[in-house]
Structure formats: C-alpha cells, structure tokens
Number of protein chains: 2
Amino acid sequence: MPATSETLTAERILEATEEVLRRHGPAKATVVDVARALGVSHGSVYRHFRTKAALREAVTKRWLDRATQELAGIAADAGRDPEAGVREWLAALFAAKRLKAGGDPELFATYSVLAGEAGEVVSGHIAELTGQLTAIVRAGVEAGVFAVADPVTAARALFQATGRFHDPGYAKEWERPGVEAEFEAVVDLLVRGLRR
Amino acid sequence: MPATSETLTAERILEATEEVLRRHGPAKATVVDVARALGVSHGSVYRHFRTKAALREAVTKRWLDRATQELAGIAADAGRDPEAGVREWLAALFAAKRLKAGGDPELFATYSVLAGEAGEVVSGHIAELTGQLTAIVRAGVEAGVFAVADPVTAARALFQATGRFHDPGYAKEWERPGVEAEFEAVVDLLVRGLRR
C-alpha cells in the first residue's frame with residue numbers, strides 16, 4: 001500500500017530505506033530510490049530528510065541504536081553487582097554485534113560501509129556506549145568494589161580493549177571456534193584490573 | 001649492477017621484491033618483475049623461490065619479522081621487572097607498528113594487502129609474538145608478581161586487548177591526538193589485572 005503524506009512518518013521512510021539498502025547494497029538508498037519504494041514523491045521524503053546524507057545518517061543511527069536499549073537497561077540497573085554489570089554489559093554488546101553480523105551478513109556489510117561514511121553518527125554511538133560503561137564503573141567505585149582513578153578513562157579503556165569483540169572489522173573472527181574463550185580471558189583480565 | 005648467479009642471494013631477491021612492491025603496489029612482485037629489476041633470468045629467481053606465492057610470502061615474513069628482534073630482546077631479558085617488561089614490550093610493539101605505518105604509508109598499505117593473503121605467515125608471526133609475551137608473563141608468575149592461572153591464555157588476552165595499538169586496520173587511529181593516553185589506560189588496566 002503506498003504511503004500518503006498523512007501516513008508517511010520518518011520511521012516508515014527509514015524502514016523503506018533499509019529495505020532499499022537490503023535489496024540494492026550501500027551505493028543505493030538515495031531519496032529518489034526510497035520515494036519510489038514508498039510510492040510517494042521525493043518531495044514528501046525531503047520534508048522528513050532534507051538531504052541524501054541526512055537520510056543515510058538517520059538510517060545508520062537507527063541501525064546502531066537497535067542494540068543500545070538492552071545495554072542501557074544493564075547499565076541503569078543499580079541493584080546489580082558492578083563486576084557482574086561490566087561482564088554482562090560487555091557480553092550483551094558482543095552478543096548483539098554477533099547476532100547482527102551472523103543473522104544478515106549482507107545487511108551488516110552494507111551498514112559497515114555506511115558507518116564508515118558517517119563519522120559523527122558513529123562517534124555519537126560510541127560516546128553513548130562508553131557513557132553507559134562509565135556509569136557501571138562509577139557505581140563500582142562508589143560501592144568500594146573498583147579502584148580506578150577516573151571512571152571515564154577506565155570505561156574508554158574497557159571499550160577499546162574489547163574492540164576485537166564488537167568492532168565490525170573483526171566480524172569474521174566471531175565465527176571461529178574458541179572466540180568465546182578468548183572473550184572471557186580478555187574480560188577476566190580487565191575486571192581483575194578494575195578491582196580494589 | 002646486475003646480479004650474477006653467484007652473487008644472487010635470497011636476501012638480495014627479497015630486497016628487490018620490496019623495491020618492486022614500493023614502486024608498483026601489491027598487484028606486482030611477480031617472479032618475472034623481480035628478475036627484470038635484478039637483471040637476471042627468472043630461472044635464477046626460481047632457484048631461490050619456487051613460486052610467486054612463495055616469493056610473496058617470504059617478503060611478507062621479512063617485513064613482519066623486522067620489528068620482532070627488538071621485542072625478542074625485551075622478552076629474553078630475565079633481569080627486567082616483569083611488570084616493566086610487559087609495559088615495555090607492548091610499547092615497543094606499538095612504536096614499531098606506528099613507525100612502519102607513518103614512515104612509509106604506501107609500503108605499509110601494500111604489505112597490509114600482502115599480509116591479508118598470507119594467512120599462515122601472519123599466524124606464525126602472531127604465534128611468535130604471543131610466545132614472547134608468554135615468556136614475560138610466566139617469569140612474572142614464577143617471581144610471584146603476577147597471579148594468572150595460565151600464562152599462555154593471559155598473554156593471548158594481553159595481545160588481543162591491545163589490538164587497537166598494533167593491528168594494521170587501526171593505523172589511521174595512531175595519528176590522532178590522545179592515542180598515547182588511550183594506550184597507557186588500556187595497558188594500566190591490563191597490568192593491574194595481572195598482579196597478585
């Protein structure tokens with residue numbers, strides 16, 4: 001059913017954009033392609049996204065944010081033991097990335113190309129994730145479980161030291177046997193480093 | 001001066017191969033290209049390297065090994081404090097990679113392509129490096145400074161957790177301001193994790 005200007009929401013446009021990307025790869029997803037898929041004029045799409053770049057950034061942000069909600073829940077749970085919180089948050093990030101990469105490898109590759117172009121969207125995403133990790137580390141310091149001078153620095157170090165288990169550039173490694181044990185060994189060492 | 005079959009050594013062929021790669025990029029460095037650069041017949045080159053693949057693997061191994069000697073010296077120094085050993089070894093690896101990437105970016109890019117093709121050469125290189133790190137960790141356990149259940153597992157975790165600071169895929173990050181502080185924060189956390 002074609003969208004009308006009343007039913008055409010930003011979310012509907014982004015869904016259609018992802019479908020265009022899925023079918024035609026990262027070079028596509030221009031405003032005109034998306035308008036055609038929705039059966040609307042490109043003017044209707046431009047009312048929501050003023051440029052092709054804005055549309056591509058918005059769909060990339062939507063893709064990146066998809067994993068973030070579950071992680072935010074772990075970070076916000078004040079009742080959780082801080083060490084378990086760090087472990088569960090890092091494991092949930094790894095699981096979410098693996099699921100995306102393994103579940104639909106072509107779409108994952110397409111979004112990896114888009115993310116490479118959308119520097120600010122990606123740095124915003126990373127800032128949000130390290131912010132969540134900072135909250136867990138800070139709670140651990142306040143509870144007297146962790147001893148680190150600066151939770152922001154420690155959270156960034158945790159995020160960067162586990163890059164092999166969430167950076168899309170390593171996606172091929174995530175299917176290798178033994179990768180779970182490698183992840184556990186890195187997290188064990190890091191969590192020991194946080195402790196008082 | 002053209003090489004004669006008496007003066008033509010494997011090392012001389014590998015030097016010429018690197019020069020061919022430097023001038024013409026990763027697609028080149030066939031046995032014929034290298035023979036032409038040396039002014040010898042391709043048969044003379046084939047006496048040292050039986051296939052194009054063998055030549056490309058040998059020149060890649062030579063490039064990867066160039067940094068390894070200094071690192072081996074750090075790992076073998078039994079008199080060094082183990083914690084200082086881990087820090088210095090990781091810092092030397094980072095410095096060596098940065099120097100290669102920054103000093104001759106095109107040759108670095110060329111060798112990154114070659115390394116991507118030479119899976120066994122690269123895994124041999126990584127095995128050698130983690131072996132050195134294992135020796136330092138084991139010495140720390142024996143001295144009662146480090147408390148880890150398995151030095152091999154811990155060394156692999158150290159190597160993987162610092163990938164951002166030696167994996168060629170991150171070379172662009174190495175020029176950003178603040179990368180030194182990021183490296184220090186990751187190493188601090190890891191070394192704390194090793195301690196008894």
# chains A, B, ... in the order shown; residues from 1 in each chain; ligands from 1
$ residues_around --residues "region 154-164 of chain B" --least-positions-apart "2" --cutoff "7 Å" --atoms "only C-alpha atoms" --output "short mmCIF file (atom, residue, chain, number, x, y, z; two decimals) with all heavy atoms, in the first residue's frame"
data_model
loop_
_atom_site.label_atom_id
_atom_site.label_comp_id
_atom_site.auth_asym_id
_atom_site.auth_seq_id
_atom_site.Cartn_x
_atom_site.Cartn_y
_atom_site.Cartn_z
N ALA A 161 39.72 -2.00 24.77
CA ALA A 161 40.41 -3.29 24.95
C ALA A 161 39.55 -4.48 24.50
O ALA A 161 40.07 -5.57 24.27
CB ALA A 161 40.83 -3.46 26.41
N THR A 162 38.24 -4.27 24.38
CA THR A 162 37.35 -5.34 23.92
C THR A 162 36.91 -5.12 22.47
O THR A 162 35.98 -5.78 22.00
CB THR A 162 36.11 -5.45 24.83
OG1 THR A 162 35.53 -4.14 24.95
CG2 THR A 162 36.47 -5.96 26.21
N GLU A 182 38.31 -16.69 24.22
CA GLU A 182 39.18 -15.52 24.07
C GLU A 182 38.52 -14.29 24.71
O GLU A 182 39.17 -13.51 25.40
CB GLU A 182 39.46 -15.26 22.59
CG GLU A 182 40.34 -16.33 21.95
CD GLU A 182 40.58 -16.13 20.46
OE1 GLU A 182 40.03 -15.16 19.88
OE2 GLU A 182 41.32 -16.93 19.89
N ALA A 185 38.71 -14.52 28.49
CA ALA A 185 40.06 -14.27 29.02
C ALA A 185 40.36 -12.77 29.06
O ALA A 185 40.96 -12.27 30.02
CB ALA A 185 41.10 -15.00 28.17
N VAL A 186 39.95 -12.05 28.01
CA VAL A 186 40.17 -10.60 27.99
C VAL A 186 39.35 -9.93 29.09
O VAL A 186 39.87 -9.10 29.85
CB VAL A 186 39.82 -10.01 26.59
CG1 VAL A 186 39.74 -8.49 26.64
CG2 VAL A 186 40.86 -10.45 25.55
N THR B 130 53.10 -13.69 20.60
CA THR B 130 52.44 -14.08 21.86
C THR B 130 53.31 -15.04 22.66
O THR B 130 53.24 -15.07 23.89
CB THR B 130 51.03 -14.69 21.61
OG1 THR B 130 51.15 -15.74 20.66
CG2 THR B 130 50.06 -13.65 21.06
N LEU B 133 55.48 -12.81 24.71
CA LEU B 133 54.69 -12.24 25.80
C LEU B 133 54.43 -13.30 26.88
O LEU B 133 54.46 -13.01 28.08
CB LEU B 133 53.38 -11.73 25.20
CG LEU B 133 52.63 -10.54 25.80
CD1 LEU B 133 53.52 -9.45 26.33
CD2 LEU B 133 51.67 -9.97 24.75
N THR B 134 54.22 -14.53 26.44
CA THR B 134 54.01 -15.63 27.39
C THR B 134 55.24 -15.80 28.29
O THR B 134 55.11 -16.01 29.50
CB THR B 134 53.72 -16.95 26.64
OG1 THR B 134 52.55 -16.77 25.84
CG2 THR B 134 53.50 -18.10 27.59
N VAL B 137 55.14 -13.12 30.95
CA VAL B 137 54.08 -13.39 31.94
C VAL B 137 54.50 -14.55 32.85
O VAL B 137 54.35 -14.50 34.08
CB VAL B 137 52.73 -13.66 31.25
CG1 VAL B 137 51.69 -14.12 32.28
CG2 VAL B 137 52.23 -12.43 30.49
N VAL B 148 48.24 -15.32 37.53
CA VAL B 148 47.32 -15.77 36.48
C VAL B 148 47.38 -17.28 36.42
O VAL B 148 48.44 -17.88 36.65
CB VAL B 148 47.66 -15.16 35.09
CG1 VAL B 148 47.48 -13.64 35.10
CG2 VAL B 148 49.06 -15.53 34.66
N ASP B 150 46.94 -19.30 33.80
CA ASP B 150 47.61 -19.85 32.62
C ASP B 150 48.30 -18.73 31.83
O ASP B 150 47.64 -17.92 31.20
CB ASP B 150 46.56 -20.56 31.74
CG ASP B 150 47.16 -21.07 30.44
OD1 ASP B 150 48.41 -21.19 30.37
OD2 ASP B 150 46.39 -21.35 29.50
N PRO B 151 49.65 -18.69 31.86
CA PRO B 151 50.36 -17.61 31.17
C PRO B 151 50.06 -17.54 29.67
O PRO B 151 50.04 -16.45 29.10
CB PRO B 151 51.84 -17.96 31.41
CG PRO B 151 51.84 -18.74 32.68
CD PRO B 151 50.57 -19.54 32.65
N VAL B 152 49.81 -18.68 29.03
CA VAL B 152 49.51 -18.68 27.59
C VAL B 152 48.20 -17.93 27.31
O VAL B 152 48.12 -17.07 26.43
CB VAL B 152 49.43 -20.12 27.03
CG1 VAL B 152 48.96 -20.12 25.58
CG2 VAL B 152 50.79 -20.82 27.14
N HIS B 166 48.17 -2.25 17.64
CA HIS B 166 49.15 -2.91 16.76
C HIS B 166 48.52 -3.52 15.51
O HIS B 166 49.23 -3.84 14.56
CB HIS B 166 50.00 -3.96 17.50
CG HIS B 166 49.25 -5.01 18.26
ND1 HIS B 166 48.57 -6.00 17.63
CD2 HIS B 166 49.06 -5.22 19.59
CE1 HIS B 166 48.01 -6.80 18.55
NE2 HIS B 166 48.28 -6.33 19.75
N ASP B 167 47.19 -3.66 15.48
CA ASP B 167 46.55 -4.22 14.30
C ASP B 167 46.53 -3.16 13.18
O ASP B 167 46.03 -2.05 13.39
CB ASP B 167 45.12 -4.63 14.68
CG ASP B 167 44.44 -5.44 13.58
OD1 ASP B 167 44.65 -5.13 12.39
OD2 ASP B 167 43.71 -6.38 13.92
N TYR B 170 43.89 -0.47 12.35
CA TYR B 170 43.70 0.74 13.16
C TYR B 170 44.74 1.82 12.86
O TYR B 170 44.81 2.81 13.59
CB TYR B 170 43.76 0.40 14.65
CG TYR B 170 42.53 -0.34 15.16
CD1 TYR B 170 42.56 -1.71 15.39
CD2 TYR B 170 41.35 0.36 15.42
CE1 TYR B 170 41.43 -2.38 15.86
CE2 TYR B 170 40.23 -0.30 15.90
CZ TYR B 170 40.27 -1.67 16.11
OH TYR B 170 39.17 -2.33 16.58
N LEU B 190 45.28 -3.58 32.18
CA LEU B 190 45.70 -4.97 31.94
C LEU B 190 46.78 -5.39 32.94
O LEU B 190 46.74 -6.50 33.48
CB LEU B 190 46.21 -5.12 30.50
CG LEU B 190 45.14 -4.99 29.41
CD1 LEU B 190 45.79 -4.87 28.04
CD2 LEU B 190 44.17 -6.17 29.45
#
$ residues_around --residues "Lys52 (chain A)" --least-positions-apart "3" --cutoff "12 Å" --atoms "only C-alpha atoms" --output "ChimeraX atom specification"
/A:17,27-35,42,45-46,48-49,55-59
$ closest_residue --among "A:Ala84, A:Ala115, A:Ile13, A:Leu8" --to "Gly169 (chain A)" --atoms "only C-alpha atoms"
A:Ala115
$ atom_distance --atom1 "CA of Glu70 (chain A)" --atom2 "CA of Ala181 (chain A)"
23.2 Å
$ atom_distance --atom1 "CA of Leu129 (chain B)" --atom2 "CA of Thr68 (chain B)"
7.4 Å
$ residues_around --residues "Leu64 (chain A)" --least-positions-apart "6" --cutoff "12 Å" --atoms "only C-alpha atoms" --output "PDB file with C-alpha atoms, in the first residue's frame"
ATOM      1  CA  GLU A  57      22.925   9.121   8.583  1.00  0.00           C
ATOM      2  CA  ALA A  58      19.479   8.612  10.105  1.00  0.00           C
ATOM      3  CA  LEU A  93      27.377  -5.928  23.344  1.00  0.00           C
ATOM      4  CA  ALA A  96      24.231  -8.100  19.847  1.00  0.00           C
ATOM      5  CA  LYS A  97      27.010  -7.464  17.307  1.00  0.00           C
ATOM      6  CA  LYS A 100      23.627  -8.662  13.588  1.00  0.00           C
ATOM      7  CA  PHE A 108      25.737  -5.934   8.134  1.00  0.00           C
ATOM      8  CA  TYR A 111      25.773  -0.840   7.262  1.00  0.00           C
ATOM      9  CA  SER A 112      29.523  -1.181   7.884  1.00  0.00           C
ATOM     10  CA  LEU A 114      27.532   3.415   5.740  1.00  0.00           C
ATOM     11  CA  ALA A 115      29.054   3.668   9.230  1.00  0.00           C
ATOM     12  CA  ALA A 118      29.006   8.642   8.982  1.00  0.00           C
ATOM     13  CA  VAL A 121      26.926   9.249  13.962  1.00  0.00           C
ATOM     14  CA  VAL A 122      29.438   6.551  14.888  1.00  0.00           C
ATOM     15  CA  SER A 123      31.282   8.730  17.406  1.00  0.00           C
ATOM     16  CA  GLY A 124      27.921   9.641  18.978  1.00  0.00           C
ATOM     17  CA  HIS A 125      27.077   5.940  19.233  1.00  0.00           C
ATOM     18  CA  ILE A 126      30.444   5.138  20.822  1.00  0.00           C
ATOM     19  CA  GLU A 128      26.665   6.734  24.309  1.00  0.00           C
ATOM     20  CA  LEU A 129      28.047   3.226  24.852  1.00  0.00           C
ATOM     21  CA  HIS A 166      32.479  -5.531  18.935  1.00  0.00           C
ATOM     22  CA  PRO A 168      32.685  -4.756  12.808  1.00  0.00           C
TER      23      PRO A 168
END
$ select_by_dssp --residues "region 3-193 of chain A" --states "alpha helix (DSSP H)" --output "MDAnalysis selection string"
chainID A and resid 10:24 31:38 42:46 52:65 68:76 82:103 105:117 119:142 151:161 179:193
